[in-house]
$ cat data-v2.txt   # compact mmCIF, C-alpha atoms
# COMPACT_ATOMS: atom_id res chain seq x y z
CA MET A 1 -6.05 -6.01 15.66
CA GLU A 2 -7.52 -9.04 13.98
CA THR A 3 -5.80 -10.21 10.80
CA ILE A 4 -8.13 -10.56 7.78
CA LEU A 5 -5.31 -11.37 5.33
CA ASP A 6 -1.81 -12.38 6.41
CA SER A 7 1.35 -11.95 4.33
CA GLN A 8 0.81 -15.31 2.59
CA ALA A 9 -2.70 -14.30 1.48
CA ILE A 10 -1.45 -10.87 0.37
CA GLN A 11 1.24 -12.51 -1.77
CA LYS A 12 -1.46 -14.55 -3.50
CA LEU A 13 -3.03 -11.25 -4.62
CA LEU A 14 0.00 -9.02 -5.22
CA PRO A 15 3.04 -9.82 -7.35
CA HIS A 16 5.32 -7.81 -5.01
CA ARG A 17 7.95 -9.66 -2.98
CA TYR A 18 10.65 -8.72 -0.51
CA PRO A 19 12.15 -6.18 -0.40
CA PHE A 20 9.33 -4.37 -2.20
CA LEU A 21 6.26 -5.86 -0.53
CA LEU A 22 5.35 -3.05 1.88
CA VAL A 23 2.26 -4.41 3.61
CA ASP A 24 2.42 -7.14 6.26
CA ARG A 25 -1.28 -7.78 6.87
CA ILE A 26 -4.80 -6.54 6.27
CA ILE A 27 -6.86 -5.86 9.40
CA GLU A 28 -10.08 -4.41 7.95
CA LEU A 29 -11.81 -4.93 4.63
CA ILE A 30 -15.13 -3.74 3.24
CA PRO A 31 -15.17 -4.92 -0.40
CA ARG A 32 -15.17 -2.11 -2.99
CA GLU A 33 -15.21 0.52 -0.19
CA ARG A 34 -12.37 0.47 2.35
CA ILE A 35 -9.33 -1.47 3.46
CA VAL A 36 -6.78 -1.10 6.28
CA GLY A 37 -3.32 -2.64 6.20
CA VAL A 38 -0.36 -2.72 8.55
CA LYS A 39 3.36 -2.34 7.88
CA GLN A 40 5.76 -2.99 10.76
CA VAL A 41 8.70 -0.73 10.01
CA SER A 42 11.96 -2.44 10.95
CA ILE A 43 15.53 -1.14 11.07
CA ASN A 44 16.33 -4.10 8.78
CA GLU A 45 14.53 -2.46 5.83
CA PRO A 46 17.10 -2.14 3.02
CA PHE A 47 16.29 1.53 2.32
CA PHE A 48 17.42 2.60 5.81
CA GLN A 49 21.01 1.80 4.88
CA GLY A 50 21.16 4.95 2.77
CA HIS A 51 18.11 6.99 3.88
CA PHE A 52 19.65 8.37 6.07
CA PRO A 53 22.74 6.93 7.79
CA GLY A 54 22.50 7.79 11.47
CA ALA A 55 18.96 9.21 11.11
CA PRO A 56 16.82 6.54 9.39
CA VAL A 57 13.58 7.79 7.79
CA MET A 58 11.29 5.74 5.54
CA PRO A 59 11.18 7.48 2.13
CA GLY A 60 7.85 9.21 1.58
CA VAL A 61 7.48 7.66 -1.86
CA LEU A 62 7.59 4.22 -0.19
CA VAL A 63 4.86 5.24 2.26
CA VAL A 64 2.72 6.17 -0.77
CA GLU A 65 3.71 2.88 -2.43
CA ALA A 66 2.56 1.01 0.70
CA LEU A 67 -0.81 2.79 0.45
CA ALA A 68 -1.01 1.86 -3.25
CA GLN A 69 -0.29 -1.80 -2.46
CA VAL A 70 -3.11 -1.86 0.09
CA GLY A 71 -5.37 -0.26 -2.52
CA ALA A 72 -4.29 -2.88 -5.05
CA VAL A 73 -5.39 -5.62 -2.65
CA LEU A 74 -8.82 -3.96 -2.47
CA ALA A 75 -9.04 -3.77 -6.28
CA LEU A 76 -7.68 -7.23 -7.09
CA ARG A 77 -9.97 -9.06 -4.65
CA GLU A 78 -12.87 -8.16 -6.94
CA ILE A 79 -11.35 -9.65 -10.11
CA GLU A 80 -11.74 -13.34 -10.95
CA ASP A 81 -8.64 -13.67 -13.16
CA ARG A 82 -6.47 -11.57 -10.80
CA ASP A 83 -3.46 -13.85 -11.22
CA GLN A 84 -3.31 -12.57 -14.82
CA LYS A 85 -3.54 -8.88 -13.84
CA LEU A 86 -1.40 -6.09 -12.43
CA VAL A 87 -2.51 -2.88 -10.75
CA LEU A 88 -0.39 -0.04 -12.14
CA PHE A 89 -0.03 3.51 -10.80
CA THR A 90 -1.46 6.12 -13.17
CA GLY A 91 -1.30 9.10 -10.84
CA ILE A 92 -0.69 10.51 -7.40
CA LYS A 93 -2.40 13.72 -6.39
CA GLU A 94 -2.30 15.89 -3.31
CA ALA A 95 0.42 13.83 -1.62
CA ARG A 96 1.48 15.29 1.72
CA PHE A 97 4.07 14.06 4.18
CA ARG A 98 3.30 15.18 7.70
CA ARG A 99 5.63 13.28 10.03
CA PRO A 100 8.64 10.99 9.53
CA VAL A 101 8.20 7.23 9.63
CA VAL A 102 11.10 5.63 11.49
CA PRO A 103 12.23 2.15 12.56
CA GLY A 104 9.94 0.67 15.18
CA ASP A 105 6.83 2.45 13.88
CA THR A 106 3.64 0.57 13.10
CA LEU A 107 2.31 2.13 9.92
CA ILE A 108 -1.48 1.89 9.59
CA LEU A 109 -2.48 2.19 5.93
CA GLU A 110 -6.12 3.12 5.34
CA VAL A 111 -7.42 3.31 1.78
CA THR A 112 -10.92 4.38 0.81
CA ALA A 113 -12.32 3.81 -2.69
CA MET A 114 -13.51 6.93 -4.45
CA ARG A 115 -14.05 5.19 -7.80
CA MET A 116 -13.79 1.44 -8.31
CA GLY A 117 -14.21 0.69 -11.99
CA SER A 118 -13.38 -2.63 -13.61
CA ARG A 119 -10.29 -1.04 -15.16
CA VAL A 120 -9.63 2.32 -13.43
CA GLN A 121 -9.59 3.08 -9.71
CA ARG A 122 -9.27 6.25 -7.67
CA MET A 123 -8.59 5.94 -3.96
CA ARG A 124 -7.77 8.14 -0.99
CA GLY A 125 -5.01 6.86 1.26
CA GLU A 126 -3.95 7.88 4.76
CA ALA A 127 -0.94 6.50 6.59
CA THR A 128 -0.84 6.98 10.36
CA VAL A 129 1.53 6.15 13.20
CA ASP A 130 0.18 6.14 16.76
CA GLY A 131 -2.95 7.95 15.54
CA GLN A 132 -0.91 10.76 13.92
CA LEU A 133 -1.19 11.36 10.19
CA ALA A 134 2.16 10.56 8.55
CA ALA A 135 1.13 10.89 4.89
CA ASP A 136 -1.93 11.10 2.69
CA ALA A 137 -2.58 11.09 -1.05
CA ASP A 138 -5.10 10.47 -3.79
CA ILE A 139 -3.97 7.45 -5.78
CA MET A 140 -5.09 6.59 -9.29
CA SER A 141 -4.45 3.18 -10.84
CA MET A 142 -5.49 0.94 -13.67
CA ILE A 143 -5.73 -2.80 -14.03
CA ALA A 144 -3.69 -4.22 -16.87
CA ASP A 145 -3.01 -7.69 -18.22
CA ARG A 146 0.34 -8.92 -16.89
CA GLY A 147 1.59 -9.79 -20.36
CA SER A 148 0.82 -6.34 -21.79
CA ALA A 149 2.36 -4.41 -18.89
CA VAL A 150 5.96 -5.18 -19.87

$ encode --input "data-v2.txt" --output "structure tokens"
Amino acid sequence: METILDSQAIQKLLPHRYPFLLVDRIIELIPRERIVGVKQVSINEPFFQGHFPGAPVMPGVLVVEALAQVGAVLALREIEDRDQKLVLFTGIKEARFRRPVVPGDTLILEVTAMRMGSRVQRMRGEATVDGQLAADADIMSMIADRGSAV
């Protein structure tokens, strides 16, 4: 898997930082159409401490968040003043969790644009592990000025 964007490049686009940055690299990118990211799931993730002791499972909401972050990379790459913008969730539809994501998994995060407006986006995300669907969802977001988002 060739790396298109590494973690340093992703952090130039997204405001997220550890422990909430949930994408390690981008391996495929077709502007305004499709993007694929990778998250190496490690036992050192802070959420495993309590979810669940003795049987660690990545929370499904964080799998969806990882998909949204990959989608945000796709959206923000198209905006010139992206350092002044945030991509905010506006909706999640049809989310399904199909298999647990556990330490040691390589989570492949594929997001396809369904609507890429200058302000509003709708995307379809699929998270897989070893070719098996782990989760999928329709994700809606909007681009906001950083100063007005707080």

$ atom_distance --input "data-v2.txt" --atom1 "atom CA of Arg122 of chain A" --atom2 "atom CA of Leu86 of chain A"
15.4 Å

$ residues_around --input "data-v2.txt" --residues "segment 99-104 of chain A" --least-positions-apart "6" --cutoff "9 Å" --atoms "only C-alpha atoms" --output "list in words"
Gln40, Val41, Ser42, Ile43, Asn44, Glu45, Phe48, Ala55, Pro56, Val57, Met58, Pro59, Gly60, Val63, Val129, Gln132, Leu133, Ala134 and Ala135 of chain A

$ atom_distance --input "data-v2.txt" --atom1 "atom CA of Thr112 of chain A" --atom2 "atom CA of Gly71 of chain A"
8.0 Å

$ residues_near_point --input "data-v2.txt" --point "(-11.2, 0.2, -12.6)" --cutoff "12 Å" --atoms "all atoms listed in the file" --output "PyMOL selection string"
chain A and resi 32+71-72+74-76+78-79+85-90+113-123+140-144

$ closest_residue --input "data-v2.txt" --among "A:Arg77, A:Lys93, A:Arg146, A:Arg25" --to "Leu107 of chain A" --atoms "all atoms listed in the file"
A:Arg25

$ atom_distance --input "data-v2.txt" --atom1 "atom CA of Ala95 of chain A" --atom2 "atom CA of Gln49 of chain A"
24.7 Å

$ closest_residue --input "data-v2.txt" --among "A:Gly50, A:Pro15, A:Gly125, A:Gly147" --to "Glu94 of chain A" --atoms "only C-alpha atoms"
A:Gly125

$ residues_around --input "data-v2.txt" --residues "Val38 of chain A" --least-positions-apart "6" --cutoff "9 Å" --atoms "all atoms listed in the file" --output "PDB file with C-alpha atoms, in the frame of the given file"
ATOM      1  CA  LEU A  22       5.350  -3.050   1.880  1.00  0.00           C
ATOM      2  CA  VAL A  23       2.260  -4.410   3.610  1.00  0.00           C
ATOM      3  CA  ASP A  24       2.420  -7.140   6.260  1.00  0.00           C
ATOM      4  CA  ARG A  25      -1.280  -7.780   6.870  1.00  0.00           C
ATOM      5  CA  ILE A  26      -4.800  -6.540   6.270  1.00  0.00           C
ATOM      6  CA  ILE A  27      -6.860  -5.860   9.400  1.00  0.00           C
ATOM      7  CA  VAL A  70      -3.110  -1.860   0.090  1.00  0.00           C
ATOM      8  CA  THR A 106       3.640   0.570  13.100  1.00  0.00           C
ATOM      9  CA  LEU A 107       2.310   2.130   9.920  1.00  0.00           C
ATOM     10  CA  ILE A 108      -1.480   1.890   9.590  1.00  0.00           C
ATOM     11  CA  LEU A 109      -2.480   2.190   5.930  1.00  0.00           C
ATOM     12  CA  GLU A 110      -6.120   3.120   5.340  1.00  0.00           C
TER      13      GLU A 110
END

$ axis_aligned_box --input "data-v2.txt" --around "segment 53-61 of chain A" --padding-each-side "5 Å" --output "JSON"
{"center_x": 15.1, "center_y": 7.5, "center_z": 4.8, "size_x": 25.3, "size_y": 13.5, "size_z": 23.3}

$ closest_residue --input "data-v2.txt" --among "A:Pro31, A:Ile4, A:Val73, A:Pro46" --to "Pro19 of chain A" --atoms "only C-alpha atoms"
A:Pro46

$ closest_residue --input "data-v2.txt" --among "A:Leu5, A:Leu21, A:Ala137, A:Ile10" --to "Ala66 of chain A" --atoms "all atoms listed in the file"
A:Leu21

$ build_atoms --input "data-v2.txt" --residues "segment 3-24 of chain A" --atoms "N, CA and C atoms" --output "compact mmCIF listing (two decimals), in the coordinates of the input"
# COMPACT_ATOMS: atom_id res chain seq x y z
N THR A 3 -6.35 -10.11 12.16
CA THR A 3 -5.80 -10.21 10.80
C THR A 3 -6.86 -10.82 9.87
N ILE A 4 -7.20 -10.09 8.83
CA ILE A 4 -8.13 -10.56 7.78
C ILE A 4 -7.34 -11.33 6.72
N LEU A 5 -6.22 -10.73 6.28
CA LEU A 5 -5.31 -11.37 5.33
C LEU A 5 -3.90 -11.27 5.89
N ASP A 6 -3.20 -12.40 5.96
CA ASP A 6 -1.81 -12.38 6.41
C ASP A 6 -0.89 -12.21 5.20
N SER A 7 0.41 -12.20 5.43
CA SER A 7 1.35 -11.95 4.33
C SER A 7 1.25 -13.01 3.23
N GLN A 8 0.96 -14.24 3.60
CA GLN A 8 0.81 -15.31 2.59
C GLN A 8 -0.38 -15.01 1.68
N ALA A 9 -1.50 -14.61 2.26
CA ALA A 9 -2.70 -14.30 1.48
C ALA A 9 -2.48 -13.06 0.61
N ILE A 10 -1.76 -12.08 1.14
CA ILE A 10 -1.45 -10.87 0.37
C ILE A 10 -0.60 -11.22 -0.84
N GLN A 11 0.36 -12.12 -0.66
CA GLN A 11 1.24 -12.51 -1.77
C GLN A 11 0.50 -13.32 -2.83
N LYS A 12 -0.64 -13.88 -2.49
CA LYS A 12 -1.46 -14.55 -3.50
C LYS A 12 -2.19 -13.53 -4.38
N LEU A 13 -2.36 -12.30 -3.87
CA LEU A 13 -3.03 -11.25 -4.62
C LEU A 13 -2.06 -10.32 -5.34
N LEU A 14 -0.96 -9.96 -4.66
CA LEU A 14 0.00 -9.02 -5.22
C LEU A 14 1.22 -9.73 -5.77
N PRO A 15 1.81 -9.22 -6.83
CA PRO A 15 3.04 -9.82 -7.35
C PRO A 15 4.29 -9.36 -6.59
N HIS A 16 4.17 -8.36 -5.74
CA HIS A 16 5.32 -7.81 -5.01
C HIS A 16 5.90 -8.84 -4.06
N ARG A 17 7.23 -8.79 -3.92
CA ARG A 17 7.95 -9.66 -2.98
C ARG A 17 9.02 -8.83 -2.29
N TYR A 18 9.59 -9.39 -1.22
CA TYR A 18 10.65 -8.72 -0.51
C TYR A 18 11.77 -8.39 -1.48
N PRO A 19 12.33 -7.22 -1.41
CA PRO A 19 12.15 -6.18 -0.40
C PRO A 19 11.09 -5.14 -0.76
N PHE A 20 10.27 -5.40 -1.77
CA PHE A 20 9.33 -4.37 -2.20
C PHE A 20 7.90 -4.60 -1.77
N LEU A 21 7.60 -5.68 -1.09
CA LEU A 21 6.26 -5.86 -0.53
C LEU A 21 6.21 -5.04 0.75
N LEU A 22 5.35 -4.03 0.79
CA LEU A 22 5.35 -3.05 1.88
C LEU A 22 4.10 -3.11 2.74
N VAL A 23 3.40 -4.22 2.73
CA VAL A 23 2.26 -4.41 3.61
C VAL A 23 2.37 -5.80 4.23
N ASP A 24 2.26 -5.88 5.55
CA ASP A 24 2.42 -7.14 6.26
C ASP A 24 1.10 -7.89 6.46
